[in-house]
Amino acid sequence: MIEDKLLIWRFKRGSSDALCRIYKKYKDNLLRLAFALLNDTSAAEDIVHDFFVSFAQSTEKLKLNGSLKSYLATCVVNRARNANKARQRQEAASLDGAASVGSNLKRPEQWIIYSEQLRQLNDALAQLSEQQREVIILHAQGGMKFKAIAELQDVSINTVQSRYRYGLDKLRSILDSEVEK
C-alpha cells in the first residue's frame, strides 16, 4: 500500500520507472483477471496493454482515492465488459480459448490434467449468470474486496455477497455433477 502510494506519486511527476514498476507488479494479475472474464488470451492481453497505454497518458487526470490494485482491476474489468458487450453484439462469443493458456508445468501429464481442470472450471463458470461469474472472478482471482465490487457493479454489498455465495454453490453443484459422470 505504501509502495503503491509512492509509485503513484512518482508516476504523477513523470517517472517512467514508476510506470514500469506498476506494470511489472500488476500485469500478471490483470491478465489473469481479463482472461477469466473474456476467456480469450489474446483479447485479455490486448485489453491490459491498451489499458496501460491509456493509463500512461493519464498522468494529469489520475485521481486515486483507494487502492491502486482495485483501481487497475476496475479499469481492466470495465474494458473487459465493453469487449464482451461488443462481442455479444457481433454474436461471435466463443469459449474455446481456455486450452491456450500457458503453463509452467514440467511434465506432459501434468499439463493434460491442468488443461482439463481449467476447461471444466471455465465451462462451469460459463454456466453462471454474468453477475455471479464477475463477482467470483473479481473476488477470488482479482483479490477485490466485496465493497469495491459493490461499487463497481453499483449494487449493495449484500447483493455482491449473495451473488458470490450462490455462484459458488452453483459452481460446486456443476463441478460435482461433472465428477459423478
# chains A, B, ... in the order shown; residues from 1 in each chain; ligands from 1
call {"tool": "residues_around", "arguments": {"residues": "stretch 60-74 of chain A", "least_positions_apart": "2", "cutoff": "8 Å", "atoms": "only C-alpha atoms", "output": "PDB file with C-alpha atoms, in the first residue's frame"}}
result
ATOM      1  CA  MET A   1       0.000   0.000   0.000  1.00  0.00           C
ATOM      2  CA  ASP A   4       1.727   1.917  -4.301  1.00  0.00           C
ATOM      3  CA  LYS A   5       1.216   5.435  -2.952  1.00  0.00           C
ATOM      4  CA  LYS A  12       2.236  11.669 -11.456  1.00  0.00           C
ATOM      5  CA  TYR A  26       0.224  -5.868 -11.562  1.00  0.00           C
ATOM      6  CA  LEU A  30      -4.628  -8.121 -14.530  1.00  0.00           C
ATOM      7  CA  LEU A  33      -8.459 -11.262 -14.440  1.00  0.00           C
ATOM      8  CA  SER A  58      -3.436   9.908 -17.923  1.00  0.00           C
ATOM      9  CA  VAL A  76      -9.500  -3.678 -16.738  1.00  0.00           C
ATOM     10  CA  VAL A  77     -12.884  -5.141 -15.731  1.00  0.00           C
ATOM     11  CA  ASN A  78     -14.703  -2.228 -17.376  1.00  0.00           C
ATOM     12  CA  GLY A 142      -8.755 -10.324  -8.763  1.00  0.00           C
ATOM     13  CA  MET A 144     -11.011  -7.306  -4.811  1.00  0.00           C
ATOM     14  CA  ALA A 148     -15.110  -2.459  -4.098  1.00  0.00           C
ATOM     15  CA  LEU A 152     -18.076  -1.315  -9.383  1.00  0.00           C
TER      16      LEU A 152
END
call {"tool": "select_by_dssp", "arguments": {"residues": "stretch 26-66 of chain A", "states": "alpha helix (DSSP H)", "output": "ChimeraX atom specification"}}
result
/A:26-38,41-56
call {"tool": "closest_atom_pairs", "arguments": {"of": "stretch 24-102 of chain A", "to": "stretch 129-141 of chain A", "cutoff": "8 Å", "atoms": "only C-alpha atoms", "output": "CSV"}}
result
residue,atom,partner,partner_atom,distance
A:Asn29,CA,A:Gln141,CA,7.8
A:Arg32,CA,A:Gln141,CA,7.4
A:Leu33,CA,A:Gln141,CA,6.4
A:Ala36,CA,A:Ile137,CA,6.7
A:Leu37,CA,A:Glu134,CA,7.0
call {"tool": "atom_distance", "arguments": {"atom1": "atom CA of A:Ala80", "atom2": "atom CA of A:Ala34"}}
result
6.2 Å
call {"tool": "atom_distance", "arguments": {"atom1": "atom CA of A:Gly143", "atom2": "atom CA of A:Ser16"}}
result
26.2 Å
call {"tool": "closest_residue", "arguments": {"among": "A:Leu175, A:Ile8, A:Cys20, A:Leu31", "to": "A:Arg119", "atoms": "only C-alpha atoms"}}
result
A:Leu175
